[in-house]
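J.: Sharing target.csv here; it has CSV, C-alpha atoms.
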chain,number,residue,atom,x,y,z
Z,1,MET,CA,-4.5,-52.3,-86.0
Z,2,ALA,CA,-8.1,-53.6,-85.8
Z,3,MET,CA,-8.1,-53.3,-82.0
Z,4,GLU,CA,-6.7,-49.8,-82.3
Z,5,ARG,CA,-9.5,-48.7,-84.7
Z,6,ILE,CA,-12.1,-50.2,-82.3
Z,7,PHE,CA,-10.6,-48.4,-79.3
Z,8,SER,CA,-10.3,-45.1,-81.1
Z,9,GLY,CA,-13.9,-45.4,-82.3
Z,10,TYR,CA,-15.0,-46.2,-78.8
Z,11,ILE,CA,-13.3,-43.1,-77.3
Z,12,LYS,CA,-14.6,-40.9,-80.1
Z,13,ALA,CA,-18.1,-42.2,-79.4
Z,14,HIS,CA,-17.8,-41.0,-75.8
Z,15,GLY,CA,-16.5,-37.7,-77.0
Z,16,TYR,CA,-19.6,-37.3,-79.3
Z,17,ALA,CA,-21.8,-38.1,-76.4
Z,18,ILE,CA,-20.2,-35.5,-74.2
Z,19,ALA,CA,-20.3,-32.8,-76.9
Z,20,VAL,CA,-24.0,-33.5,-77.7
Z,21,ALA,CA,-24.9,-33.5,-74.0
Z,22,ALA,CA,-23.1,-30.1,-73.5
Z,23,LEU,CA,-25.0,-28.7,-76.6
Z,24,THR,CA,-28.3,-30.1,-75.5
Z,25,PHE,CA,-28.3,-29.0,-71.9
Z,26,GLY,CA,-26.7,-25.7,-72.8
Z,27,CYS,CA,-29.4,-24.9,-75.3
Z,28,ILE,CA,-32.2,-26.0,-72.9
Z,29,PHE,CA,-30.9,-23.9,-70.0
Z,30,ALA,CA,-30.2,-20.9,-72.2
Z,31,VAL,CA,-33.8,-21.0,-73.6
Z,32,GLU,CA,-35.3,-21.5,-70.2
Z,33,VAL,CA,-33.4,-18.7,-68.6
Z,34,ALA,CA,-33.7,-16.3,-71.6
Z,35,HIS,CA,-37.5,-16.6,-71.4
Z,36,VAL,CA,-38.5,-13.0,-71.0
Z,37,ASP,CA,-41.1,-13.4,-68.3
Z,38,ASN,CA,-39.0,-15.8,-66.2
Z,39,PHE,CA,-35.8,-13.7,-66.6
Z,40,HIS,CA,-37.4,-10.4,-65.5
Z,41,GLN,CA,-39.4,-12.0,-62.7
Z,42,ILE,CA,-36.4,-13.8,-61.1
Z,43,SER,CA,-34.1,-10.8,-61.6
Z,44,ARG,CA,-36.6,-8.5,-60.0
Z,45,THR,CA,-37.1,-10.9,-57.1
Z,46,LEU,CA,-33.3,-11.1,-56.5
Z,47,ASP,CA,-32.9,-7.3,-56.7
Z,48,ASP,CA,-35.7,-6.8,-54.2
Z,49,ASP,CA,-34.0,-9.3,-51.8
Z,50,ASP,CA,-30.6,-7.7,-52.2
Z,51,GLY,CA,-31.9,-4.2,-51.5
Z,52,ASP,CA,-33.2,-2.8,-48.3
Z,53,GLY,CA,-36.8,-4.1,-48.8
Z,54,SER,CA,-38.9,-5.6,-46.1
Z,55,SER,CA,-38.4,-9.1,-47.4
Z,56,GLY,CA,-35.0,-9.5,-45.6
Z,57,ASP,CA,-36.5,-10.4,-42.3
Z,58,ASP,CA,-38.7,-13.1,-43.9
Z,59,TRP,CA,-35.6,-14.8,-45.3
Z,60,ILE,CA,-33.8,-14.8,-42.0
Z,61,SER,CA,-36.8,-16.0,-40.0
Z,62,GLY,CA,-36.7,-19.5,-41.4
Z,63,GLY,CA,-33.6,-21.8,-41.9
Z,64,HIS,CA,-35.0,-23.4,-45.0
Z,65,GLN,CA,-35.9,-20.0,-46.6
Z,66,HIS,CA,-32.4,-18.7,-45.7
Z,67,GLN,CA,-30.8,-21.7,-47.5
Z,68,GLN,CA,-33.0,-21.2,-50.5
Z,69,HIS,CA,-32.1,-17.5,-50.6
Z,70,HIS,CA,-28.4,-18.4,-50.4
Z,71,ALA,CA,-28.7,-20.8,-53.3
Z,72,GLU,CA,-30.6,-18.4,-55.5
Z,73,THR,CA,-28.2,-15.5,-54.8
Z,74,TYR,CA,-25.2,-17.6,-55.7
Z,75,PHE,CA,-23.9,-16.1,-59.0
Z,76,ARG,CA,-23.9,-19.5,-60.8
Z,77,MET,CA,-27.6,-19.9,-60.1
Z,78,ARG,CA,-28.6,-16.3,-61.0
Z,79,PRO,CA,-30.4,-15.9,-64.3
Z,80,LEU,CA,-27.6,-13.8,-65.9
Z,81,GLY,CA,-24.9,-16.2,-64.6
Z,82,GLN,CA,-26.8,-19.2,-65.8
Z,83,LEU,CA,-27.4,-17.7,-69.2
Z,84,VAL,CA,-23.7,-16.8,-69.6
Z,85,PHE,CA,-22.6,-20.3,-68.6
Z,86,SER,CA,-25.2,-21.9,-70.9
Z,87,LEU,CA,-24.1,-19.9,-73.9
Z,88,VAL,CA,-20.4,-20.6,-73.2
Z,89,TRP,CA,-21.2,-24.3,-73.0
Z,90,VAL,CA,-23.0,-24.2,-76.4
Z,91,LEU,CA,-20.0,-22.4,-78.0
Z,92,ALA,CA,-17.5,-24.8,-76.4
Z,93,GLY,CA,-19.6,-27.9,-77.3
Z,94,THR,CA,-19.8,-26.7,-80.9
Z,95,ILE,CA,-16.1,-26.3,-81.2
Z,96,PHE,CA,-15.5,-29.6,-79.6
Z,97,LEU,CA,-17.9,-31.4,-81.9
Z,98,VAL,CA,-16.2,-29.9,-85.0
Z,99,GLY,CA,-12.9,-30.9,-83.5
Z,100,LEU,CA,-14.1,-34.5,-83.2
Z,101,LEU,CA,-15.2,-34.6,-86.8
Z,102,PHE,CA,-11.8,-33.3,-88.1
Z,103,GLU,CA,-9.7,-34.8,-85.3
Z,104,LYS,CA,-8.1,-31.5,-84.2
Z,105,LYS,CA,-6.6,-31.6,-80.7
Z,106,LYS,CA,-6.6,-27.9,-80.2
Z,107,THR,CA,-10.4,-27.8,-80.2
Z,108,ILE,CA,-10.4,-29.9,-77.0
Z,109,LEU,CA,-8.7,-27.2,-75.0
Z,110,PRO,CA,-11.7,-24.7,-75.0
Z,111,PHE,CA,-14.1,-27.4,-73.9
Z,112,ALA,CA,-11.7,-28.6,-71.2
Z,113,THR,CA,-11.3,-25.1,-69.9
Z,114,VAL,CA,-15.0,-24.4,-69.6
Z,115,PHE,CA,-15.5,-27.8,-68.0
Z,116,ALA,CA,-12.8,-27.1,-65.4
Z,117,ILE,CA,-14.2,-23.7,-64.5
Z,118,ASP,CA,-17.8,-24.8,-64.3
Z,119,TRP,CA,-16.8,-27.9,-62.3
Z,120,SER,CA,-14.7,-25.8,-59.9
Z,121,VAL,CA,-17.6,-23.4,-59.4
Z,122,ILE,CA,-20.1,-26.2,-58.6
Z,123,LEU,CA,-17.5,-27.7,-56.2
Z,124,ILE,CA,-17.2,-24.5,-54.3
Z,125,GLN,CA,-20.9,-24.2,-54.1
Z,126,HIS,CA,-21.1,-27.8,-52.9
Z,127,LEU,CA,-18.4,-27.1,-50.2
Z,128,THR,CA,-20.6,-24.3,-48.8
Z,129,LYS,CA,-22.9,-27.0,-47.5
Z,130,LEU,CA,-20.3,-27.7,-44.8
Z,131,GLU,CA,-22.0,-24.9,-42.8
Z,132,ARG,CA,-25.0,-27.1,-42.1
Z,133,ARG,CA,-23.6,-30.6,-42.7
Z,134,SER,CA,-20.7,-32.6,-41.4
Z,135,PHE,CA,-17.6,-33.3,-43.5
Z,136,LEU,CA,-18.2,-37.0,-43.5
Z,137,GLU,CA,-21.8,-36.7,-44.4
Z,138,LEU,CA,-20.9,-34.3,-47.3
Z,139,VAL,CA,-18.2,-36.7,-48.6
Z,140,LEU,CA,-20.5,-39.7,-48.6
Z,141,SER,CA,-23.4,-37.8,-50.2
Z,142,THR,CA,-24.7,-38.5,-53.7
Z,143,ASP,CA,-23.8,-35.1,-55.0
Z,144,THR,CA,-20.1,-35.7,-54.2
Z,145,ALA,CA,-20.2,-39.1,-56.0
Z,146,VAL,CA,-21.7,-37.5,-59.1
Z,147,LEU,CA,-19.1,-34.7,-59.1
Z,148,VAL,CA,-16.3,-37.3,-58.9
Z,149,VAL,CA,-17.7,-39.6,-61.5
Z,150,ILE,CA,-18.2,-36.7,-63.9
Z,151,LEU,CA,-14.7,-35.4,-63.3
Z,152,VAL,CA,-13.1,-38.9,-64.0
Z,153,TYR,CA,-15.3,-39.7,-67.0
Z,154,VAL,CA,-15.0,-36.4,-68.8
Z,155,GLY,CA,-11.4,-35.8,-67.8
Z,156,PHE,CA,-10.3,-39.2,-68.9
Z,157,THR,CA,-12.1,-39.0,-72.2
Z,158,LEU,CA,-10.7,-35.6,-73.0
Z,159,ALA,CA,-7.2,-36.7,-72.1
Z,160,VAL,CA,-7.3,-39.8,-74.3
Z,161,LEU,CA,-8.9,-37.9,-77.2
Z,162,TYR,CA,-6.1,-35.3,-77.0
Z,163,ARG,CA,-3.4,-38.0,-77.1
Z,164,LEU,CA,-5.3,-39.9,-79.9
Z,165,PHE,CA,-5.6,-36.8,-82.1
Z,166,GLU,CA,-1.9,-35.9,-81.4
Z,167,GLN,CA,-0.8,-39.4,-82.6
Z,168,ARG,CA,-3.0,-39.2,-85.7
Z,169,ALA,CA,-1.5,-35.8,-86.5
Z,170,LYS,CA,2.0,-37.2,-86.3
Z,171,GLU,CA,1.0,-40.2,-88.4
Z,172,ARG,CA,-0.4,-37.9,-91.1
Z,173,ALA,CA,2.7,-35.7,-91.0
Z,174,GLN,CA,4.9,-38.7,-91.4
Z,175,MET,CA,2.9,-40.0,-94.3
Z,176,ASP,CA,3.1,-36.6,-96.0
Z,177,GLU,CA,6.8,-36.5,-95.4
Z,178,ASP,CA,7.2,-40.0,-96.9
Z,179,ASP,CA,5.1,-39.0,-100.0
Z,180,MET,CA,7.4,-36.0,-100.5
Z,181,GLU,CA,10.5,-38.1,-100.2
Z,182,ASN,CA,9.1,-40.6,-102.8
Z,183,GLY,CA,8.3,-37.7,-105.1
Z,184,ARG,CA,11.9,-36.5,-105.1
Z,185,LYS,CA,13.3,-39.9,-106.1
Z,186,PRO,CA,14.1,-40.2,-109.9
Z,187,VAL,CA,11.8,-42.4,-111.9
Z,188,LYS,CA,13.5,-45.0,-114.1
Z,189,PHE,CA,11.7,-46.0,-117.2
Z,190,THR,CA,12.6,-49.2,-119.1
Z,191,LEU,CA,11.1,-50.6,-122.3
Z,192,GLY,CA,10.9,-54.3,-121.8
Z,193,GLU,CA,13.9,-56.3,-120.5
Z,194,GLU,CA,17.4,-54.8,-120.5
Z,195,PHE,CA,19.6,-56.0,-123.4
Z,196,ASP,CA,22.2,-58.5,-122.4
Z,197,ASP,CA,25.4,-57.8,-124.4
Z,198,SER,CA,27.8,-60.0,-122.4
Z,199,TRP,CA,27.9,-62.6,-125.2
Z,200,ILE,CA,29.5,-60.0,-127.6
Z,201,SER,CA,32.8,-59.9,-125.7
Any chance you could give the structure as structure tokens?
T.:
Amino acid sequence: MAMERIFSGYIKAHGYAIAVAALTFGCIFAVEVAHVDNFHQISRTLDDDDGDGSSGDDWISGGHQHQQHHAETYFRMRPLGQLVFSLVWVLAGTIFLVGLLFEKKKTILPFATVFAIDWSVILIQHLTKLERRSFLELVLSTDTAVLVVILVYVGFTLAVLYRLFEQRAKERAQMDEDDMENGRKPVKFTLGEEFDDSWIS
């Protein structure tokens, strides 16, 4: 039992770390993108580039500038897309943090859903680099290693927490059922020791 408490505390500590990280980075990115001057400046720049302005030839003229344009126009990196993802992360992180406090397994599902969507989007963006890099070079890159480590770490933690909270819920339900059964049993009251009348016969 002591080892089980240590293990559950260890897993919950990782869950708290993930939830706090999601809240922290979500708030930082949201505040950064929602800054009025920055938001309008970037949005205006992207709108000019997507239109029929004269800046299109400048982007195509250089390979590095074209790659930068491709990265900025990717919807995950646009100001509005970044703001939406940041706010969703803050909401999911808050729900997940409350779920850790009260050990509710259902609160893990929103966080896991947001994580799966955002991780898949970043993976797709990462795979677009195959246009200018070989497959082996992309697989052995640091970005790929970080993506795999994050997937394994967060995915394993969420899965173990889900099973842990599910087991805790079953244990609490069993304890409540036992208490109800004990409450239905008749209570026998005795005043002192029972009278032994065998000697009368």
J.: Pull the closest atom pair for each residue of region 81-135 of chain Z that gets at most 7 Å from region 147-165 of chain Z, along with the distance in Å to one decimal, counting only C-alpha atoms, ordering rows by chain and then ascending residue number, as a tab-separated table.
T.:
residue	atom	partner	partner_atom	distance
Z:Glu103	CA	Z:Phe165	CA	5.6
Z:Lys104	CA	Z:Phe165	CA	6.2
Z:Lys105	CA	Z:Tyr162	CA	5.3
Z:Ile108	CA	Z:Tyr162	CA	6.9
J.: Output C-alpha atoms for every residue in that selection, as a short mmCIF file (atom, residue, chain, number, x, y, z; two decimals), in the coordinates of the input.
T.:
data_model
loop_
_atom_site.label_atom_id
_atom_site.label_comp_id
_atom_site.auth_asym_id
_atom_site.auth_seq_id
_atom_site.Cartn_x
_atom_site.Cartn_y
_atom_site.Cartn_z
CA GLU Z 103 -9.70 -34.80 -85.30
CA LYS Z 104 -8.10 -31.50 -84.20
CA LYS Z 105 -6.60 -31.60 -80.70
CA ILE Z 108 -10.40 -29.90 -77.00
#
J.: For region 17-19 of chain Z, list every protein, DNA or RNA residue within 12 Å, evaluated using all atoms listed in the file, and leave out those in the same chain fewer than 3 positions away; present the list as JSON, numbers by chain.
T.: {"Z": [10, 11, 12, 13, 14, 22, 23, 24, 25, 26, 89, 90, 91, 92, 93, 94, 95, 96, 97, 98, 99, 100, 101, 107, 108, 110, 111, 112, 115, 150, 153, 154, 155, 156, 157, 158, 161]}
J.: To one decimal place, how far is CA of Cys27 (chain Z) from CA of Leu87 (chain Z) in Å?
T.: 7.4 Å
J.: Distance CA of Gln125 (chain Z)-CA of Ala145 (chain Z), one decimal place?
T.: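 Between these atoms lies a distance of 15.0 Å.
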J.: Please measure the separation of CA of Glu177 (chain Z) and CA of Phe102 (chain Z), giving the value in Å to one decimal.
T.: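 Spanning CA of Glu177 (chain Z) to CA of Phe102 (chain Z) is a straight-line distance of 20.2 Å.
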J.: With distances taken over all atoms listed in the file, which residue among Z:Arg132, Z:Ser86, Z:Trp119, Z:Glu166 lies nearest Thr144 (chain Z)?
T.: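 Comparing Z:Arg132, Z:Ser86, Z:Trp119, Z:Glu166 against Thr144 (chain Z), the winner is Z:Trp119.
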J.: Which is closer to Phe29 (chain Z) than all the others in Z:Ser8, Z:Asp118, Z:Thr113, Z:Val84, using only C-alpha atoms?
T.: Z:Val84
J.: Step by step: locate region 148-174 of chain Z in the block above, keep N, CA, C and O atoms, then write the file as a tab-separated table (two decimals), in the first residue's frame.
T.:
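Output file out.tsv follows:
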chain	number	residue	atom	x	y	z
Z	148	VAL	N	8.63	13.06	-30.37
Z	148	VAL	CA	8.44	11.70	-29.87
Z	148	VAL	C	8.48	11.67	-28.35
Z	148	VAL	O	7.64	11.02	-27.70
Z	149	VAL	N	9.43	12.38	-27.76
Z	149	VAL	CA	9.54	12.40	-26.29
Z	149	VAL	C	8.30	13.01	-25.66
Z	149	VAL	O	7.76	12.48	-24.66
Z	150	ILE	N	7.81	14.10	-26.21
Z	150	ILE	CA	6.61	14.74	-25.67
Z	150	ILE	C	5.41	13.81	-25.79
Z	150	ILE	O	4.60	13.69	-24.85
Z	151	LEU	N	5.27	13.14	-26.93
Z	151	LEU	CA	4.15	12.22	-27.12
Z	151	LEU	C	4.18	11.09	-26.11
Z	151	LEU	O	3.16	10.76	-25.48
Z	152	VAL	N	5.35	10.47	-25.92
Z	152	VAL	CA	5.48	9.35	-24.99
Z	152	VAL	C	5.24	9.81	-23.55
Z	152	VAL	O	4.50	9.18	-22.78
Z	153	TYR	N	5.87	10.93	-23.18
Z	153	TYR	CA	5.77	11.40	-21.80
Z	153	TYR	C	4.35	11.81	-21.43
Z	153	TYR	O	3.77	11.32	-20.45
Z	154	VAL	N	3.75	12.68	-22.24
Z	154	VAL	CA	2.40	13.17	-21.94
Z	154	VAL	C	1.38	12.05	-22.11
Z	154	VAL	O	0.49	11.88	-21.26
Z	155	GLY	N	1.51	11.28	-23.18
Z	155	GLY	CA	0.56	10.19	-23.42
Z	155	GLY	C	0.58	9.14	-22.32
Z	155	GLY	O	-0.47	8.70	-21.84
Z	156	PHE	N	1.77	8.74	-21.89
Z	156	PHE	CA	1.88	7.74	-20.83
Z	156	PHE	C	1.33	8.29	-19.52
Z	156	PHE	O	0.60	7.58	-18.79
Z	157	THR	N	1.62	9.54	-19.19
Z	157	THR	CA	1.13	10.13	-17.95
Z	157	THR	C	-0.39	10.21	-17.93
Z	157	THR	O	-1.04	9.86	-16.94
Z	158	LEU	N	-0.99	10.64	-19.03
Z	158	LEU	CA	-2.44	10.74	-19.09
Z	158	LEU	C	-3.10	9.38	-19.01
Z	158	LEU	O	-4.13	9.22	-18.34
Z	159	ALA	N	-2.52	8.37	-19.66
Z	159	ALA	CA	-3.09	7.03	-19.62
Z	159	ALA	C	-3.04	6.44	-18.21
Z	159	ALA	O	-4.02	5.86	-17.73
Z	160	VAL	N	-1.91	6.61	-17.54
Z	160	VAL	CA	-1.78	6.08	-16.17
Z	160	VAL	C	-2.70	6.82	-15.21
Z	160	VAL	O	-3.33	6.21	-14.33
Z	161	LEU	N	-2.81	8.14	-15.37
Z	161	LEU	CA	-3.71	8.91	-14.51
Z	161	LEU	C	-5.17	8.48	-14.71
Z	161	LEU	O	-5.94	8.39	-13.74
Z	162	TYR	N	-5.55	8.20	-15.94
Z	162	TYR	CA	-6.91	7.76	-16.23
Z	162	TYR	C	-7.21	6.44	-15.53
Z	162	TYR	O	-8.26	6.28	-14.90
Z	163	ARG	N	-6.28	5.50	-15.63
Z	163	ARG	CA	-6.47	4.21	-14.96
Z	163	ARG	C	-6.46	4.36	-13.44
Z	163	ARG	O	-7.21	3.69	-12.73
Z	164	LEU	N	-5.59	5.24	-12.93
Z	164	LEU	CA	-5.51	5.46	-11.49
Z	164	LEU	C	-6.81	6.03	-10.95
Z	164	LEU	O	-7.33	5.55	-9.93
Z	165	PHE	N	-7.34	7.06	-11.61
Z	165	PHE	CA	-8.59	7.67	-11.15
Z	165	PHE	C	-9.76	6.71	-11.31
Z	165	PHE	O	-10.70	6.73	-10.50
Z	166	GLU	N	-9.72	5.88	-12.34
Z	166	GLU	CA	-10.77	4.88	-12.53
Z	166	GLU	C	-10.75	3.87	-11.39
Z	166	GLU	O	-11.81	3.50	-10.85
Z	167	GLN	N	-9.56	3.44	-10.99
Z	167	GLN	CA	-9.44	2.51	-9.87
Z	167	GLN	C	-9.88	3.16	-8.56
Z	167	GLN	O	-10.56	2.53	-7.75
Z	168	ARG	N	-9.49	4.41	-8.35
Z	168	ARG	CA	-9.91	5.12	-7.13
Z	168	ARG	C	-11.43	5.26	-7.08
Z	168	ARG	O	-12.04	5.15	-6.00
Z	169	ALA	N	-12.05	5.53	-8.22
Z	169	ALA	CA	-13.51	5.66	-8.26
Z	169	ALA	C	-14.18	4.34	-7.90
Z	169	ALA	O	-15.19	4.32	-7.16
Z	170	LYS	N	-13.64	3.23	-8.39
Z	170	LYS	CA	-14.20	1.92	-8.05
Z	170	LYS	C	-14.03	1.62	-6.56
Z	170	LYS	O	-14.93	1.06	-5.93
Z	171	GLU	N	-12.88	1.98	-6.02
Z	171	GLU	CA	-12.66	1.75	-4.59
Z	171	GLU	C	-13.61	2.58	-3.74
Z	171	GLU	O	-14.14	2.07	-2.73
Z	172	ARG	N	-13.84	3.84	-4.12
Z	172	ARG	CA	-14.78	4.66	-3.37
Z	172	ARG	C	-16.20	4.12	-3.47
Z	172	ARG	O	-16.95	4.13	-2.49
Z	173	ALA	N	-16.57	3.64	-4.67
Z	173	ALA	CA	-17.91	3.07	-4.84
Z	173	ALA	C	-18.08	1.80	-4.00
Z	173	ALA	O	-19.13	1.58	-3.41
Z	174	GLN	N	-17.03	0.98	-3.94
Z	174	GLN	CA	-17.08	-0.23	-3.13
Z	174	GLN	C	-17.19	0.10	-1.65
Z	174	GLN	O	-17.94	-0.55	-0.91
